[in-house]
>>> print(open('entry-v8.tsv').read())   # TSV, C-alpha atoms
chain	number	residue	atom	x	y	z
A	775	MET	CA	-31.76	9.79	-5.48
A	776	ALA	CA	-28.29	8.26	-5.73
A	777	GLN	CA	-27.30	6.00	-8.60
A	778	ARG	CA	-27.05	2.34	-7.75
A	779	PHE	CA	-25.15	-0.09	-9.93
A	780	GLY	CA	-24.21	-3.01	-7.68
A	781	ASN	CA	-25.89	-5.17	-5.07
A	782	PHE	CA	-25.25	-2.87	-2.13
A	783	LYS	CA	-24.87	0.80	-1.27
A	784	VAL	CA	-21.36	1.94	-0.55
A	785	TYR	CA	-21.16	3.95	2.67
A	786	PHE	CA	-17.77	3.26	4.25
A	787	PRO	CA	-16.32	0.41	2.21
A	788	ASN	CA	-13.96	-2.10	3.75
A	789	LEU	CA	-12.77	-3.28	0.35
A	790	VAL	CA	-9.16	-3.06	-0.76
A	791	PHE	CA	-8.48	-2.40	-4.43
A	792	LYS	CA	-4.76	-2.66	-5.18
A	793	ILE	CA	-3.51	-0.95	-8.34
A	794	ILE	CA	-1.43	-3.24	-10.54
A	795	PRO	CA	0.89	-1.38	-12.95
A	796	ASP	CA	0.54	-2.78	-16.47
A	797	SER	CA	2.24	-1.18	-19.47
A	798	ARG	CA	0.07	-3.13	-21.94
A	799	LEU	CA	-3.09	-1.22	-21.02
A	800	GLY	CA	-4.39	1.88	-22.76
A	801	ARG	CA	-4.22	5.40	-21.33
A	802	ASN	CA	-7.77	5.25	-20.06
A	803	GLN	CA	-7.46	1.80	-18.47
A	804	ALA	CA	-6.29	0.65	-15.05
A	805	ALA	CA	-5.80	-2.80	-13.53
A	806	PHE	CA	-6.77	-3.61	-9.94
A	807	ARG	CA	-6.48	-6.65	-7.71
A	808	VAL	CA	-9.89	-6.94	-6.03
A	809	PRO	CA	-11.52	-9.28	-3.48
A	810	LEU	CA	-13.07	-12.46	-4.92
A	811	GLN	CA	-16.60	-11.69	-3.70
A	812	VAL	CA	-16.85	-8.37	-5.59
A	813	ASN	CA	-18.63	-8.42	-8.97
A	814	LYS	CA	-18.37	-6.04	-11.94
A	815	LEU	CA	-21.28	-3.88	-10.87
A	816	ASP	CA	-19.81	-3.48	-7.39
A	817	ILE	CA	-16.45	-2.43	-8.87
A	818	LYS	CA	-18.14	0.17	-11.07
A	819	ASP	CA	-20.21	1.39	-8.12
A	820	TYR	CA	-17.16	1.64	-5.84
A	821	LEU	CA	-15.03	3.62	-8.31
A	822	THR	CA	-17.92	5.89	-9.34
A	823	HIS	CA	-19.01	6.88	-5.84
A	824	ILE	CA	-15.69	6.87	-3.98
A	825	TYR	CA	-13.34	8.36	-6.61
A	826	ASN	CA	-15.86	10.23	-8.80
A	827	VAL	CA	-14.69	8.73	-12.09
A	828	THR	CA	-16.85	7.70	-15.02
A	829	VAL	CA	-16.39	3.96	-15.58
A	830	THR	CA	-17.29	2.77	-19.08
A	831	ASP	CA	-16.26	-0.90	-18.92
A	832	VAL	CA	-15.13	-3.48	-16.36
A	833	ARG	CA	-13.51	-6.81	-17.23
A	834	THR	CA	-12.62	-9.35	-14.55
A	835	THR	CA	-10.65	-12.57	-14.48
A	836	VAL	CA	-10.01	-15.01	-11.66
A	837	PHE	CA	-6.54	-16.54	-11.64
A	838	PRO	CA	-6.21	-19.97	-10.01
A	839	GLY	CA	-3.82	-20.42	-7.11
A	840	LYS	CA	-0.38	-21.78	-7.84
A	841	LEU	CA	0.64	-25.24	-6.70
A	842	SER	CA	3.58	-25.53	-4.34
A	843	LEU	CA	5.10	-28.31	-2.30
A	844	ASN	CA	4.92	-28.01	1.49
A	845	ARG	CA	8.46	-28.58	2.69
A	846	PHE	CA	7.36	-30.01	6.05
A	847	THR	CA	4.62	-32.45	5.02
A	848	GLY	CA	5.61	-33.05	1.38
A	849	GLN	CA	2.02	-32.44	0.23
A	850	GLN	CA	0.98	-30.15	-2.57
A	851	GLU	CA	-0.75	-26.96	-1.53
A	852	ARG	CA	-2.54	-24.33	-3.56
A	853	SER	CA	-2.12	-20.60	-2.91
A	854	PRO	CA	-5.28	-18.44	-2.76
A	855	ARG	CA	-7.05	-17.43	-5.97
A	856	ILE	CA	-6.63	-13.85	-7.23
A	857	LYS	CA	-9.22	-11.69	-8.99
A	858	LYS	CA	-8.01	-9.02	-11.39
A	859	ALA	CA	-10.22	-6.25	-12.77
A	860	ILE	CA	-9.35	-4.15	-15.80
A	861	VAL	CA	-11.37	-0.94	-15.70
A	862	THR	CA	-11.87	1.43	-18.62
A	863	ILE	CA	-12.38	5.02	-17.51
A	864	LYS	CA	-13.69	7.95	-19.55
A	865	GLU	CA	-10.74	10.19	-18.59
A	866	ASP	CA	-7.04	9.33	-18.97
A	867	PHE	CA	-5.63	7.45	-15.99
A	868	GLU	CA	-2.32	8.35	-14.32
A	869	TYR	CA	-0.64	6.04	-11.84
A	870	PRO	CA	0.10	7.59	-8.43
A	871	LYS	CA	3.66	8.69	-7.73
A	872	GLU	CA	6.04	6.33	-5.94
A	873	VAL	CA	6.11	6.86	-2.21
A	874	ASP	CA	9.39	8.04	-0.68
A	875	VAL	CA	9.60	5.76	2.35
A	876	ASP	CA	12.38	7.72	4.05
A	877	LYS	CA	10.51	11.01	3.77
A	878	ASP	CA	6.91	9.94	4.29
A	879	PHE	CA	7.15	7.00	6.70
A	880	LYS	CA	10.37	7.61	8.64
A	881	GLY	CA	12.08	4.79	6.73
A	882	ALA	CA	15.50	5.15	8.38
A	883	GLN	CA	14.00	5.11	11.86
A	884	VAL	CA	11.87	2.05	11.11
A	885	GLU	CA	14.81	0.20	9.57
A	886	TYR	CA	17.03	1.05	12.55
A	887	GLN	CA	14.42	-0.19	15.03
A	888	ARG	CA	13.89	-3.39	13.01
A	889	LYS	CA	17.60	-4.20	12.95
A	890	ARG	CA	17.93	-3.54	16.69
A	891	ARG	CA	14.95	-5.79	17.41
A	892	ASP	CA	16.31	-8.55	15.16
A	893	ASN	CA	19.65	-8.44	16.97
A	894	LYS	CA	17.94	-8.69	20.35
A	895	LEU	CA	15.85	-11.64	19.22
A	896	LYS	CA	18.97	-13.50	18.12
A	897	GLY	CA	20.13	-13.43	21.74
A	898	TRP	CA	23.43	-11.76	20.93
A	899	ARG	CA	24.96	-8.84	22.69
A	900	LEU	CA	24.34	-5.73	20.62
A	901	ARG	CA	27.44	-4.82	18.65
A	902	PRO	CA	26.52	-2.14	16.18
A	903	THR	CA	27.81	-2.69	12.65
A	904	PRO	CA	28.89	0.29	10.54
A	905	ALA	CA	25.60	0.15	8.65
A	906	LEU	CA	23.62	0.18	11.91
A	907	LYS	CA	25.72	3.08	13.23
A	908	GLU	CA	25.00	5.01	10.03
A	909	LEU	CA	21.26	4.36	10.35
A	910	GLY	CA	21.34	5.48	13.98
A	911	GLN	CA	23.14	8.67	12.98
A	912	LYS	CA	20.46	9.42	10.34
A	913	VAL	CA	17.72	8.90	12.93
A	914	ARG	CA	19.40	11.19	15.46
A	915	GLU	CA	19.93	13.91	12.82
A	916	SER	CA	16.29	13.78	11.73
A	917	GLU	CA	15.15	14.00	15.38
A	918	LYS	CA	17.41	17.02	15.96
A	919	ALA	CA	16.05	18.71	12.84
A	920	LYS	CA	12.48	18.16	14.02
A	921	ALA	CA	13.29	19.47	17.49
A	922	GLY	CA	14.97	22.55	15.96
A	923	SER	CA	11.98	23.30	13.76
A	924	LYS	CA	9.59	22.92	16.71
A	925	GLU	CA	11.68	25.34	18.80
A	926	SER	CA	11.76	27.93	16.02
A	927	ASP	CA	7.97	27.61	15.62
A	928	THR	CA	7.42	28.17	19.34
A	929	LYS	CA	9.75	31.22	19.29
A	930	LYS	CA	7.79	32.71	16.37
A	931	ASN	CA	4.51	32.11	18.18
A	932	THR	CA	5.77	33.76	21.39
A	933	GLN	CA	7.14	36.77	19.48
A	934	THR	CA	3.84	37.35	17.67
A	935	SER	CA	1.81	37.13	20.92
>>> encode(input="entry-v8.tsv", output="structure tokens")
Amino acid sequence: MAQRFGNFKVYFPNLVFKIIPDSRLGRNQAAFRVPLQVNKLDIKDYLTHIYNVTVTDVRTTVFPGKLSLNRFTGQQERSPRIKKAIVTIKEDFEYPKEVDVDKDFKGAQVEYQRKRRDNKLKGWRLRPTPALKELGQKVRESEKAKAGSKESDTKKNTQTS
């Protein structure tokens, strides 16, 4: 029989736990931004069953929303509340490595497409700036490199057959 800590079983969770880097925490602690409706037992249950870590302690705080002035109506508005959970784990915790956007998510191509779209939305004729030309060149080079690697893979496959 599976262990149950929280109010519900976790099958395919639709919860988002965002890691918050905090240098003031110990080696075996991690901070997360969690949904407001999740309690301490649910947090422990989620981390235990999904990530297979031994959770020893969970502390939560709810931060109130900040007041701001609406520039259109002049009324004060409050931003949404935020819940932060500090989790103590039996093992030492290491933060994940920073993601290289250019390598992992085609950052140059996305940036190039965004700038082109923004220029079109402005209603101006497209006149590429030097920065936009450079981005376009990076995108074309990366596409050529991919096409070259695909061709070499197909040649190797045909030679081995």
>>> atom_distance(input="entry-v8.tsv", atom1="atom CA of Phe806 of chain A", atom2="atom CA of Val832 of chain A")
10.5 Å
>>> residues_around(input="entry-v8.tsv", residues="segment 789-794 of chain A", least_positions_apart="2", cutoff="6 Å", atoms="all atoms listed in the file", output="list in words")
Pro787, Ala805, Phe806, Arg807 and Val808 of chain A
>>> residues_around(input="entry-v8.tsv", residues="Lys814 of chain A", least_positions_apart="6", cutoff="9 Å", atoms="all atoms listed in the file", output="MDAnalysis selection string")
chainID A and resid 780 831:834 859
>>> atom_distance(input="entry-v8.tsv", atom1="atom CA of Ala882 of chain A", atom2="atom CA of Pro870 of chain A")
22.9 Å
>>> atom_distance(input="entry-v8.tsv", atom1="atom CA of Ile856 of chain A", atom2="atom CA of Gln811 of chain A")
10.8 Å
